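Shown here: query.cif, mmCIF, C-alpha atoms and all ligand atoms.
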data_input
#
loop_
_atom_site.label_atom_id
_atom_site.label_comp_id
_atom_site.auth_asym_id
_atom_site.auth_seq_id
_atom_site.Cartn_x
_atom_site.Cartn_y
_atom_site.Cartn_z
CA MET R 1 37.09 6.55 -12.52
CA ASP R 2 37.69 5.63 -8.87
CA LYS R 3 37.92 1.89 -8.40
CA LEU R 4 37.08 -0.21 -5.37
CA LYS R 5 39.78 -2.74 -4.49
CA VAL R 6 37.97 -6.05 -4.10
CA ALA R 7 39.18 -9.49 -2.96
CA MET R 8 37.13 -12.64 -3.39
CA VAL R 9 36.75 -15.48 -0.89
CA GLY R 10 35.64 -18.77 -2.46
CA ALA R 11 36.47 -19.90 -5.98
CA GLY R 12 34.00 -22.77 -6.22
CA GLY R 13 31.05 -23.24 -8.59
CA ARG R 14 29.19 -19.98 -7.96
CA GLY R 15 32.41 -18.19 -6.95
CA MET R 16 33.62 -18.39 -10.56
CA SER R 17 30.69 -16.26 -11.74
CA HIS R 18 31.48 -13.70 -9.00
CA ILE R 19 35.07 -13.67 -10.23
CA ARG R 20 34.06 -13.01 -13.86
CA SER R 21 31.64 -10.31 -12.66
CA ILE R 22 34.26 -8.60 -10.50
CA ALA R 23 36.65 -8.62 -13.44
CA ALA R 24 33.93 -7.17 -15.71
CA ALA R 25 32.83 -4.36 -13.36
CA PRO R 26 34.42 -1.07 -14.55
CA ASN R 27 34.59 0.43 -11.04
CA ILE R 28 36.37 -2.54 -9.42
CA GLU R 29 40.03 -3.54 -9.24
CA PHE R 30 40.35 -7.27 -8.48
CA VAL R 31 43.20 -7.54 -5.95
CA ALA R 32 43.30 -11.09 -4.52
CA ILE R 33 41.63 -14.50 -4.46
CA CYS R 34 41.28 -16.42 -1.20
CA ASP R 35 40.36 -20.12 -1.10
CA LEU R 36 41.43 -22.84 1.33
CA LEU R 37 42.00 -25.11 -1.66
CA GLU R 38 45.01 -24.38 -3.80
CA GLU R 39 43.45 -26.16 -6.78
CA ALA R 40 40.55 -23.68 -6.64
CA GLY R 41 42.53 -20.49 -5.88
CA ARG R 42 45.70 -20.92 -7.93
CA PRO R 43 44.12 -21.01 -11.46
CA VAL R 44 42.17 -17.82 -10.68
CA ALA R 45 45.34 -16.12 -9.44
CA GLU R 46 47.14 -17.09 -12.64
CA GLU R 47 44.32 -16.04 -14.95
CA TYR R 48 43.90 -12.58 -13.37
CA ASP R 49 47.52 -12.06 -12.34
CA ILE R 50 46.66 -11.54 -8.67
CA PRO R 51 47.85 -13.31 -5.52
CA TRP R 52 46.20 -16.51 -4.24
CA VAL R 53 45.78 -16.42 -0.43
CA GLU R 54 44.86 -19.47 1.62
CA THR R 55 43.15 -17.93 4.66
CA ILE R 56 41.03 -14.89 5.42
CA ASP R 57 43.44 -13.90 8.23
CA GLN R 58 46.22 -13.69 5.66
CA LEU R 59 43.99 -11.80 3.25
CA LEU R 60 43.08 -9.22 5.88
CA SER R 61 46.59 -8.75 7.24
CA ASP R 62 48.62 -8.80 4.02
CA TYR R 63 46.41 -7.30 1.31
CA ASP R 64 44.86 -3.92 0.91
CA ALA R 65 41.23 -4.55 -0.11
CA ASP R 66 38.35 -2.09 0.47
CA GLY R 67 35.71 -4.75 -0.03
CA VAL R 68 35.36 -8.54 -0.08
CA GLY R 69 33.06 -10.84 -2.05
CA ILE R 70 32.06 -13.95 -0.08
CA CYS R 71 31.06 -17.13 -1.87
CA VAL R 72 31.86 -19.96 0.51
CA GLN R 73 29.37 -22.72 1.37
CA THR R 74 26.34 -21.39 3.28
CA PRO R 75 27.26 -22.92 6.69
CA HIS R 76 30.50 -20.85 6.53
CA HIS R 77 28.90 -17.48 5.62
CA TYR R 78 28.65 -16.31 9.23
CA GLU R 79 32.22 -16.97 10.39
CA THR R 80 33.65 -15.64 7.11
CA ALA R 81 31.53 -12.49 7.07
CA MET R 82 32.21 -11.72 10.75
CA GLN R 83 35.97 -11.89 10.14
CA VAL R 84 35.63 -9.52 7.18
CA ILE R 85 33.35 -7.17 9.14
CA GLU R 86 35.79 -7.09 12.05
CA GLY R 87 38.50 -6.26 9.49
CA GLY R 88 36.40 -3.19 8.57
CA LYS R 89 35.76 -4.14 4.92
CA HIS R 90 32.62 -3.66 2.86
CA LEU R 91 31.18 -6.98 1.74
CA LEU R 92 28.96 -8.73 -0.77
CA THR R 93 27.79 -12.11 0.51
CA GLU R 94 26.05 -14.96 -1.24
CA LYS R 95 22.52 -15.95 -0.32
CA PRO R 96 21.13 -17.31 1.90
CA MET R 97 22.76 -14.83 4.26
CA ALA R 98 23.50 -17.38 7.02
CA SER R 99 22.41 -20.74 8.44
CA SER R 100 20.35 -19.23 11.25
CA ILE R 101 18.43 -16.09 12.14
CA ALA R 102 20.67 -15.44 15.16
CA GLN R 103 23.73 -15.40 12.89
CA ALA R 104 22.05 -13.20 10.27
CA ARG R 105 20.89 -10.75 12.95
CA GLU R 106 24.41 -10.47 14.39
CA MET R 107 25.88 -9.90 10.91
CA MET R 108 23.27 -7.24 10.10
CA GLU R 109 23.80 -5.40 13.39
CA ALA R 110 27.59 -5.54 13.01
CA VAL R 111 27.59 -3.91 9.55
CA GLU R 112 25.01 -1.30 10.55
CA GLU R 113 27.03 -0.35 13.67
CA ARG R 114 30.21 0.02 11.64
CA GLY R 115 28.58 1.80 8.67
CA LEU R 116 29.83 -0.80 6.19
CA VAL R 117 28.12 -1.30 2.82
CA ALA R 118 26.94 -4.92 2.86
CA ALA R 119 24.94 -6.54 0.09
CA ILE R 120 23.44 -9.98 -0.47
CA SER R 121 23.70 -11.66 -3.85
CA TYR R 122 20.08 -11.56 -4.96
CA GLN R 123 21.32 -10.76 -8.44
CA LEU R 124 17.95 -11.39 -10.12
CA ARG R 125 16.92 -7.94 -8.85
CA PHE R 126 19.18 -6.70 -11.68
CA GLY R 127 17.46 -8.79 -14.37
CA PRO R 128 15.83 -6.42 -16.90
CA VAL R 129 12.45 -8.17 -16.55
CA TYR R 130 12.46 -7.80 -12.75
CA LEU R 131 13.69 -4.20 -12.88
CA LYS R 132 10.79 -3.39 -15.24
CA MET R 133 8.33 -5.35 -13.07
CA LYS R 134 9.56 -3.35 -10.06
CA GLU R 135 9.01 -0.07 -11.95
CA LEU R 136 5.50 -1.21 -12.95
CA CYS R 137 4.71 -2.33 -9.40
CA GLU R 138 5.54 1.16 -8.15
CA GLN R 139 2.82 2.45 -10.52
CA ILE R 140 0.11 -0.16 -10.08
CA GLU R 141 0.26 -0.82 -6.30
CA PRO R 142 0.32 -4.64 -6.12
CA ILE R 143 -2.57 -6.45 -4.46
CA GLN R 144 -1.57 -9.95 -5.60
CA ILE R 145 1.85 -11.22 -6.67
CA ILE R 146 1.96 -14.79 -7.92
CA PHE R 147 5.26 -16.57 -8.46
CA ALA R 148 4.80 -20.11 -9.75
CA ARG R 149 8.06 -21.68 -10.82
CA GLN R 150 8.39 -25.44 -11.19
CA ARG R 151 11.45 -27.47 -12.01
CA SER R 152 12.84 -30.96 -12.25
CA MET R 153 14.92 -32.68 -9.54
CA MET R 154 17.86 -30.72 -8.20
CA ALA R 155 21.46 -31.95 -7.91
CA ASP R 156 22.25 -34.14 -4.89
CA LYS R 157 24.25 -31.37 -3.15
CA TYR R 158 20.99 -29.37 -2.74
CA LEU R 159 19.04 -32.34 -1.33
CA SER R 160 19.47 -32.02 2.42
CA PRO R 161 16.90 -31.54 5.21
CA ALA R 162 18.25 -27.98 5.87
CA PRO R 163 15.46 -25.37 5.62
CA PHE R 164 17.39 -23.47 2.93
CA ASP R 165 18.07 -26.54 0.75
CA GLY R 166 15.89 -28.49 -1.68
CA ILE R 167 13.19 -26.42 -3.36
CA MET R 168 13.83 -23.65 -0.80
CA ASP R 169 17.18 -23.00 -2.48
CA PHE R 170 15.49 -22.78 -5.90
CA ILE R 171 12.88 -20.27 -4.68
CA SER R 172 15.25 -18.19 -2.55
CA HIS R 173 15.25 -15.42 -5.17
CA ASP R 174 11.41 -15.44 -5.27
CA ILE R 175 11.30 -15.15 -1.46
CA ASP R 176 13.41 -11.99 -1.76
CA MET R 177 11.51 -10.78 -4.83
CA VAL R 178 7.96 -10.82 -3.42
CA PRO R 179 8.60 -8.10 -0.75
CA PHE R 180 10.90 -6.27 -3.22
CA LEU R 181 8.12 -6.04 -5.84
CA ALA R 182 5.41 -5.35 -3.25
CA GLY R 183 7.50 -2.57 -1.65
CA ARG R 184 6.02 -3.80 1.63
CA GLU R 185 7.17 -5.79 4.65
CA PRO R 186 5.92 -9.36 5.01
CA LYS R 187 3.72 -9.75 8.11
CA LYS R 188 2.27 -13.27 8.06
CA VAL R 189 2.80 -16.52 6.20
CA PHE R 190 0.99 -19.79 5.75
CA ALA R 191 2.56 -22.68 3.84
CA THR R 192 1.97 -26.28 2.86
CA MET R 193 5.02 -28.32 1.95
CA GLY R 194 6.30 -31.85 1.60
CA ARG R 195 9.59 -33.72 1.80
CA ASP R 196 10.72 -36.93 0.11
CA VAL R 197 8.11 -37.19 -2.62
CA TRP R 198 10.63 -38.07 -5.33
CA SER R 199 13.82 -38.81 -3.35
CA GLN R 200 14.81 -39.92 0.16
CA ALA R 201 17.23 -37.21 1.33
CA GLY R 202 14.82 -35.46 3.69
CA ALA R 203 14.79 -32.35 1.47
CA ILE R 204 11.75 -30.10 1.01
CA GLU R 205 10.52 -30.98 -2.48
CA TYR R 206 7.42 -28.84 -2.93
CA ILE R 207 5.92 -25.80 -1.22
CA GLY R 208 2.95 -23.51 -1.64
CA ALA R 209 2.99 -20.37 0.49
CA GLN R 210 0.74 -17.40 0.97
CA ILE R 211 2.42 -14.28 2.35
CA GLU R 212 0.59 -11.24 3.69
CA LEU R 213 2.51 -7.98 3.15
CA GLY R 214 1.88 -4.53 4.58
CA GLU R 215 -1.08 -3.38 6.61
CA GLY R 216 -4.49 -1.87 6.07
CA PRO R 217 -7.44 -2.69 3.86
CA HIS R 218 -5.32 -2.99 0.69
CA ARG R 219 -2.56 -5.22 1.99
CA THR R 220 -0.78 -7.34 -0.59
CA VAL R 221 -0.91 -11.11 -0.90
CA GLY R 222 2.12 -12.92 -2.31
CA VAL R 223 1.85 -16.51 -3.50
CA ILE R 224 4.85 -18.74 -4.12
CA SER R 225 4.31 -22.19 -5.55
CA SER R 226 7.17 -24.45 -6.52
CA SER R 227 8.18 -28.09 -6.76
CA GLN R 228 10.91 -30.40 -7.98
CA GLY R 229 8.36 -32.53 -9.79
CA GLY R 230 7.25 -29.88 -12.25
CA GLY R 231 9.86 -29.98 -15.01
CA GLY R 232 8.18 -28.72 -18.21
CA VAL R 233 5.50 -26.64 -16.48
CA PRO R 234 5.86 -22.99 -17.62
CA GLN R 235 6.89 -20.48 -14.99
CA ARG R 236 4.77 -17.44 -14.22
CA LEU R 237 4.89 -14.13 -12.48
CA ASP R 238 1.56 -12.30 -12.41
CA VAL R 239 0.91 -9.04 -10.58
CA VAL R 240 -2.58 -7.65 -10.08
CA GLY R 241 -2.52 -4.10 -8.77
CA ARG R 242 -5.09 -1.55 -7.70
CA HIS R 243 -4.16 0.48 -10.78
CA GLY R 244 -3.15 -2.10 -13.36
CA ILE R 245 -1.70 -5.50 -14.12
CA ALA R 246 1.72 -6.85 -15.12
CA VAL R 247 2.40 -10.36 -16.39
CA ALA R 248 5.94 -11.61 -17.06
CA THR R 249 6.44 -14.58 -19.34
CA GLY R 250 10.10 -15.25 -20.08
CA SER R 251 11.58 -11.91 -21.15
CA GLU R 252 8.20 -10.53 -22.24
CA ILE R 253 5.98 -8.35 -20.04
CA ARG R 254 2.33 -7.61 -20.77
CA PHE R 255 0.97 -4.76 -18.71
CA ALA R 256 -1.68 -2.10 -18.26
CA THR R 257 -1.33 0.88 -15.97
CA GLY R 258 -4.78 2.33 -15.56
CA PRO R 259 -8.05 1.86 -13.74
CA ASN R 260 -9.71 -1.52 -13.38
CA PRO R 261 -12.50 -1.49 -16.04
CA PRO R 262 -15.95 -1.32 -14.42
CA LYS R 263 -18.31 -4.31 -14.50
CA GLY R 264 -19.63 -5.04 -17.97
CA GLU R 265 -16.80 -3.26 -19.79
CA PRO R 266 -14.35 -5.28 -21.89
CA GLY R 267 -10.84 -6.00 -20.59
CA ARG R 268 -8.34 -3.18 -20.69
CA ASP R 269 -5.79 -2.48 -23.41
CA THR R 270 -2.41 -3.93 -22.55
CA TRP R 271 1.10 -3.19 -23.78
CA THR R 272 3.56 -5.95 -24.56
CA ALA R 273 7.28 -5.37 -24.60
CA ASN R 274 10.45 -7.40 -24.43
CA TYR R 275 12.89 -6.73 -21.62
CA LEU R 276 15.78 -9.00 -22.50
CA GLY R 277 18.14 -6.06 -21.89
CA GLU R 278 21.71 -5.68 -23.04
CA SER R 279 23.42 -7.10 -19.98
CA ARG R 280 23.06 -10.79 -19.25
CA ASP R 281 25.46 -10.63 -16.31
CA PHE R 282 23.22 -9.57 -13.42
CA THR R 283 25.96 -10.38 -10.90
CA ALA R 284 28.29 -7.88 -12.63
CA ASP R 285 25.53 -5.25 -12.46
CA LEU R 286 25.11 -6.05 -8.76
CA TYR R 287 28.87 -5.74 -8.10
CA LYS R 288 28.95 -2.45 -10.03
CA ARG R 289 26.14 -1.04 -7.89
CA TRP R 290 27.64 -2.26 -4.61
CA ALA R 291 31.06 -0.83 -5.54
CA ALA R 292 29.43 2.51 -6.46
CA ALA R 293 27.71 2.61 -3.04
CA CYS R 294 31.00 1.74 -1.28
CA LEU R 295 32.89 4.46 -3.17
CA ASP R 296 30.27 7.18 -2.69
CA PRO R 297 28.11 7.32 0.48
CA GLU R 298 25.54 9.39 -1.47
CA THR R 299 24.87 6.43 -3.80
CA ASP R 300 22.04 4.20 -2.69
CA LEU R 301 22.75 0.45 -2.55
CA ALA R 302 19.21 -0.30 -3.86
CA PRO R 303 18.07 -2.05 -5.97
CA ALA R 304 20.77 -4.33 -4.58
CA ALA R 305 19.62 -6.25 -1.50
CA SER R 306 21.15 -5.04 1.77
CA TYR R 307 22.03 -7.23 4.75
CA ARG R 308 18.68 -6.13 6.23
CA ASP R 309 16.91 -7.45 3.09
CA GLY R 310 18.93 -10.67 3.42
CA TYR R 311 17.88 -11.02 7.07
CA ASN R 312 14.22 -10.44 6.13
CA ALA R 313 14.39 -13.00 3.31
CA LEU R 314 15.93 -15.59 5.63
CA LEU R 315 13.29 -14.91 8.28
CA LEU R 316 10.49 -15.27 5.72
CA SER R 317 12.03 -18.44 4.36
CA LEU R 318 12.32 -20.04 7.83
CA ALA R 319 8.76 -18.95 8.66
CA MET R 320 7.51 -20.64 5.49
CA VAL R 321 9.19 -23.89 6.57
CA GLU R 322 7.90 -23.55 10.15
CA SER R 323 4.38 -23.02 8.84
CA GLY R 324 4.77 -25.95 6.44
CA GLU R 325 5.89 -28.21 9.34
CA SER R 326 3.31 -27.05 11.89
CA GLY R 327 0.30 -26.31 9.68
CA GLU R 328 -0.11 -22.97 11.50
CA ALA R 329 0.01 -19.44 10.08
CA ILE R 330 3.11 -17.60 11.32
CA ASP R 331 3.16 -14.00 12.47
CA LEU R 332 6.64 -12.76 11.58
CA ALA R 333 6.87 -10.19 14.40
CA GLU R 334 6.21 -12.95 16.95
CA PHE R 335 8.38 -15.48 15.12
CA ALA R 336 11.53 -13.31 14.81
CA PRO R 337 12.49 -13.15 18.52
CA SER R 338 11.58 -16.82 19.08
CA VAL R 339 13.77 -18.33 16.39
CA GLU R 340 17.50 -18.99 16.51
N1 LIG A 401 22.96 -16.33 -6.09
C1 LIG A 401 22.82 -17.48 -6.73
O1 LIG A 401 22.09 -17.57 -7.71
C2 LIG A 401 23.58 -18.69 -6.26
C3 LIG A 401 23.74 -19.80 -7.12
C4 LIG A 401 24.49 -20.90 -6.64
C5 LIG A 401 25.05 -20.88 -5.36
N2 LIG A 401 24.85 -19.80 -4.54
C6 LIG A 401 25.43 -19.74 -3.19
O2 LIG A 401 26.84 -19.61 -3.33
C7 LIG A 401 27.50 -20.15 -2.16
C8 LIG A 401 28.66 -21.03 -2.60
O3 LIG A 401 28.17 -22.13 -3.35
P1 LIG A 401 29.13 -22.95 -4.34
O4 LIG A 401 28.25 -23.91 -5.06
O5 LIG A 401 30.00 -22.02 -5.13
O6 LIG A 401 30.06 -23.75 -3.27
P2 LIG A 401 31.39 -24.55 -3.58
O7 LIG A 401 31.48 -25.61 -2.57
O8 LIG A 401 31.46 -24.93 -5.03
O9 LIG A 401 32.58 -23.48 -3.34
C9 LIG A 401 32.92 -22.91 -2.11
C10 LIG A 401 34.42 -22.57 -2.09
O10 LIG A 401 34.71 -21.85 -0.89
C11 LIG A 401 35.96 -22.32 -0.37
N3 LIG A 401 35.99 -22.04 1.08
C12 LIG A 401 35.19 -22.54 2.05
N4 LIG A 401 35.49 -22.02 3.26
C13 LIG A 401 36.50 -21.16 3.07
C14 LIG A 401 37.26 -20.31 3.92
N5 LIG A 401 37.01 -20.22 5.24
N6 LIG A 401 38.25 -19.56 3.38
C15 LIG A 401 38.50 -19.62 2.07
N7 LIG A 401 37.83 -20.41 1.20
C16 LIG A 401 36.84 -21.18 1.69
C17 LIG A 401 35.96 -23.79 -0.71
O11 LIG A 401 37.28 -24.32 -0.70
C18 LIG A 401 35.33 -23.81 -2.11
O12 LIG A 401 36.30 -23.69 -3.15
C19 LIG A 401 26.40 -20.86 -1.36
O13 LIG A 401 26.04 -20.05 -0.28
C20 LIG A 401 25.23 -20.98 -2.35
O14 LIG A 401 23.96 -20.95 -1.70
C21 LIG A 401 24.11 -18.71 -4.98
#

Could I get this structure in the form of structure tokens?
Amino acid sequence: MDKLKVAMVGAGGRGMSHIRSIAAAPNIEFVAICDLLEEAGRPVAEEYDIPWVETIDQLLSDYDADGVGICVQTPHHYETAMQVIEGGKHLLTEKPMASSIAQAREMMEAVEERGLVAAISYQLRFGPVYLKMKELCEQIEPIQIIFARQRSMMADKYLSPAPFDGIMDFISHDIDMVPFLAGREPKKVFATMGRDVWSQAGAIEYIGAQIELGEGPHRTVGVISSSQGGGGVPQRLDVVGRHGIAVATGSEIRFATGPNPPKGEPGRDTWTANYLGESRDFTADLYKRWAAACLDPETDLAPAASYRDGYNALLLSLAMVESGESGEAIDLAEFAPSVE
């Protein structure tokens, strides 16, 4: 089997799961680890018998990688990715794609111009439950998608006023998942949110957002509701479609793919099945897919999220915060050119 030569930048908390996933992917050869900190890079180099490199310049000039995984802190995504793009390498970057829309747009345009395969690490798209929900959504044509996921307080490092921190970090996968499941572009958003309910760091601590997707009489409504004060409240993902329903609870999905029963008729028969799946390493599945798309231009990157998906998710996320701050509904087509 052809293997993609991949180097990794960033061996911090999340970087370690990338590293295990790269090592587990059968179509990848792990060629180098780059981290500014020797104490982070050296142990990885020793474990996988590869070189540790301190800077990206060194990585690009001295090592022969076809692709690069990027897992540095979010404020450094842009500068790191642009260096890798200018070096002509394919790349897989952590989410959120960048710290601003202007940066994300430049990154997206740069990879599209150069024909590079660039993915964003929305690895939950590879979770068996979400893959099955996506398949069901293609059959039932979603009208309403409801993501309600609550949690307890997040670690201090996530509690900053940045629009992608606090509860926004926790729901970043849901913000990507709503348009993914709907198979439609988000058009408008209205959100209510609050900061500093349970701590004093300026972080967004709860949000409720309604997202309008697609156009026409049967456009889809997505609802995301999440807070840091909801530890113990069960999570839910409910989809009501024109031609059926799908409800995910943990690894179990209850669904019906058929007409909505007419008035007066009892509820429809539903199927229940478990979608735990064999693989629990969604990031390895993501790397495998990205490497396959890099190795063979005929292979689609989907269901992996592209840089364009990453840009769209960041735009939607910033629009949710803007709406939450201003109390106004946001039209994404008007918002995109106005926001840096
Ligand atoms: N997809 C997910 O589910 C998920 C989960 C957690 C974190 N993340 C994302 O992962 C990213 C990294 O988070 P983390 O918690 O691993 O951060 P971290 O601070 O633990 O690690 C970052 C590492 O990058 C290194 N680094 C920074 N700049 C560098 C540079 N220019 N060259 C080489 N090395 C450099 C640092 O020395 C550090 O070791 C963030 O963007 C975060 O949002 C995603």

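Identified as lying at most 7 Å from ligand LIG 401 (chain A) when counting only C-alpha atoms and all ligand atoms are the residues Val9, Gly10, Ala11, Gly12, Gly13, Arg14, Gly15, Cys34, Asp35, Leu36, Leu37, Ala40, Glu54, Thr55, Ile56, Cys71, Val72, Gln73, Thr74, His76, Thr80, Glu94, Lys95, Pro96, Ser121, Tyr122 and Gln123 of chain R.
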
Quiz item: Between atom CA of R:Gly244 and atom CA of R:Trp271, what is the spacing in Å?
Solution: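 Computing it gives 11.3 Å between the two atoms.
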
Exercise. Show which residues sit within 10 Å of R:Gly194, as a PyMOL selection string. Count only C-alpha atoms, and ignore same-chain residues fewer than 4 positions away.
Key: chain R and resi 202-208+227+321+324-325

Quiz item: So which residues touch stretch 246-262 of chain R within 8 Å, counting all atoms listed in the file, skipping near sequence neighbours fewer than 2 positions away, as number ranges by chain?
Solution: R: 129, 133, 136-137, 139-140, 235-240, 242-244, 264-276

Practice problem: Pick out the closest residue to R:Gly166 from this set: R:Gly229, R:Pro179, R:Gly327, R:Gly69. Count only C-alpha atoms. | Solution: R:Gly229

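Ranking R:Ser61, R:Ser306, R:Ser17, R:Gln210 by their shortest atom-to-atom distance to R:Glu86, with only C-alpha atoms included, puts R:Ser61 first.
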
Quiz item: Rounded to one decimal in Å, what is the spacing between atom CA of R:Arg289 and atom CA of R:Lys132?
Solution: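 We find that atom CA of R:Arg289 and atom CA of R:Lys132 lie 17.2 Å from each other.
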
Exercise. Fewer than 5 positions away in the same chain doesn't count, so skip those; otherwise give me all residues within 8 Å of R:Phe30, counting only C-alpha atoms, as a PyMOL selection string.
Key: chain R and resi 5-7+22-23+50

Could you save those same residues with C-alpha atoms as a PDB file, keeping the file's coordinate frame?
ATOM      1  CA  LYS R   5      39.780  -2.740  -4.490  1.00  0.00           C
ATOM      2  CA  VAL R   6      37.970  -6.050  -4.100  1.00  0.00           C
ATOM      3  CA  ALA R   7      39.180  -9.490  -2.960  1.00  0.00           C
ATOM      4  CA  ILE R  22      34.260  -8.600 -10.500  1.00  0.00           C
ATOM      5  CA  ALA R  23      36.650  -8.620 -13.440  1.00  0.00           C
ATOM      6  CA  ILE R  50      46.660 -11.540  -8.670  1.00  0.00           C
TER       7      ILE R  50
END

Quiz item: For the point (4.8, -17.9, 6.4) in file coordinates, what residues are within 8 Å, counting all atoms listed in the file? Give the answer as JSON, numbers by chain?
Solution: {"R": [188, 189, 190, 191, 209, 210, 211, 316, 317, 318, 319, 320, 321, 322, 323, 329, 330, 331, 332]}

Quiz item: Counting all atoms listed in the file, which residues come within 10 Å of (30.0, -8.4, -13.8), with the point read in the file's coordinates, and could you list them as a list in words?
Solution: Ser17, His18, Ile19, Arg20, Ser21, Ile22, Ala23, Ala24, Ala25, Pro26, Ile28, Ser279, Arg280, Asp281, Phe282, Thr283, Ala284, Asp285, Leu286, Tyr287 and Lys288 of chain R

Quiz item: Excluding same-chain residues fewer than 2 positions from R:Leu301, what lies within 10 Å of it counting all atoms listed in the file, as a list in words?
Solution: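 Contacts, with the query itself left out: Val117, Ala118, Ala119, Leu286, Arg289, Trp290, Ala291, Ala292, Ala293, Cys294, Pro297, Glu298, Thr299, Pro303, Ala304, Ala305 and Ser306 of chain R.
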
Could you please take those selected residues and save C-alpha atoms as a PDB file, keeping the file's coordinate frame?
ATOM      1  CA  VAL R 117      28.120  -1.300   2.820  1.00  0.00           C
ATOM      2  CA  ALA R 118      26.940  -4.920   2.860  1.00  0.00           C
ATOM      3  CA  ALA R 119      24.940  -6.540   0.090  1.00  0.00           C
ATOM      4  CA  LEU R 286      25.110  -6.050  -8.760  1.00  0.00           C
ATOM      5  CA  ARG R 289      26.140  -1.040  -7.890  1.00  0.00           C
ATOM      6  CA  TRP R 290      27.640  -2.260  -4.610  1.00  0.00           C
ATOM      7  CA  ALA R 291      31.060  -0.830  -5.540  1.00  0.00           C
ATOM      8  CA  ALA R 292      29.430   2.510  -6.460  1.00  0.00           C
ATOM      9  CA  ALA R 293      27.710   2.610  -3.040  1.00  0.00           C
ATOM     10  CA  CYS R 294      31.000   1.740  -1.280  1.00  0.00           C
ATOM     11  CA  PRO R 297      28.110   7.320   0.480  1.00  0.00           C
ATOM     12  CA  GLU R 298      25.540   9.390  -1.470  1.00  0.00           C
ATOM     13  CA  THR R 299      24.870   6.430  -3.800  1.00  0.00           C
ATOM     14  CA  PRO R 303      18.070  -2.050  -5.970  1.00  0.00           C
ATOM     15  CA  ALA R 304      20.770  -4.330  -4.580  1.00  0.00           C
ATOM     16  CA  ALA R 305      19.620  -6.250  -1.500  1.00  0.00           C
ATOM     17  CA  SER R 306      21.150  -5.040   1.770  1.00  0.00           C
TER      18      SER R 306
END
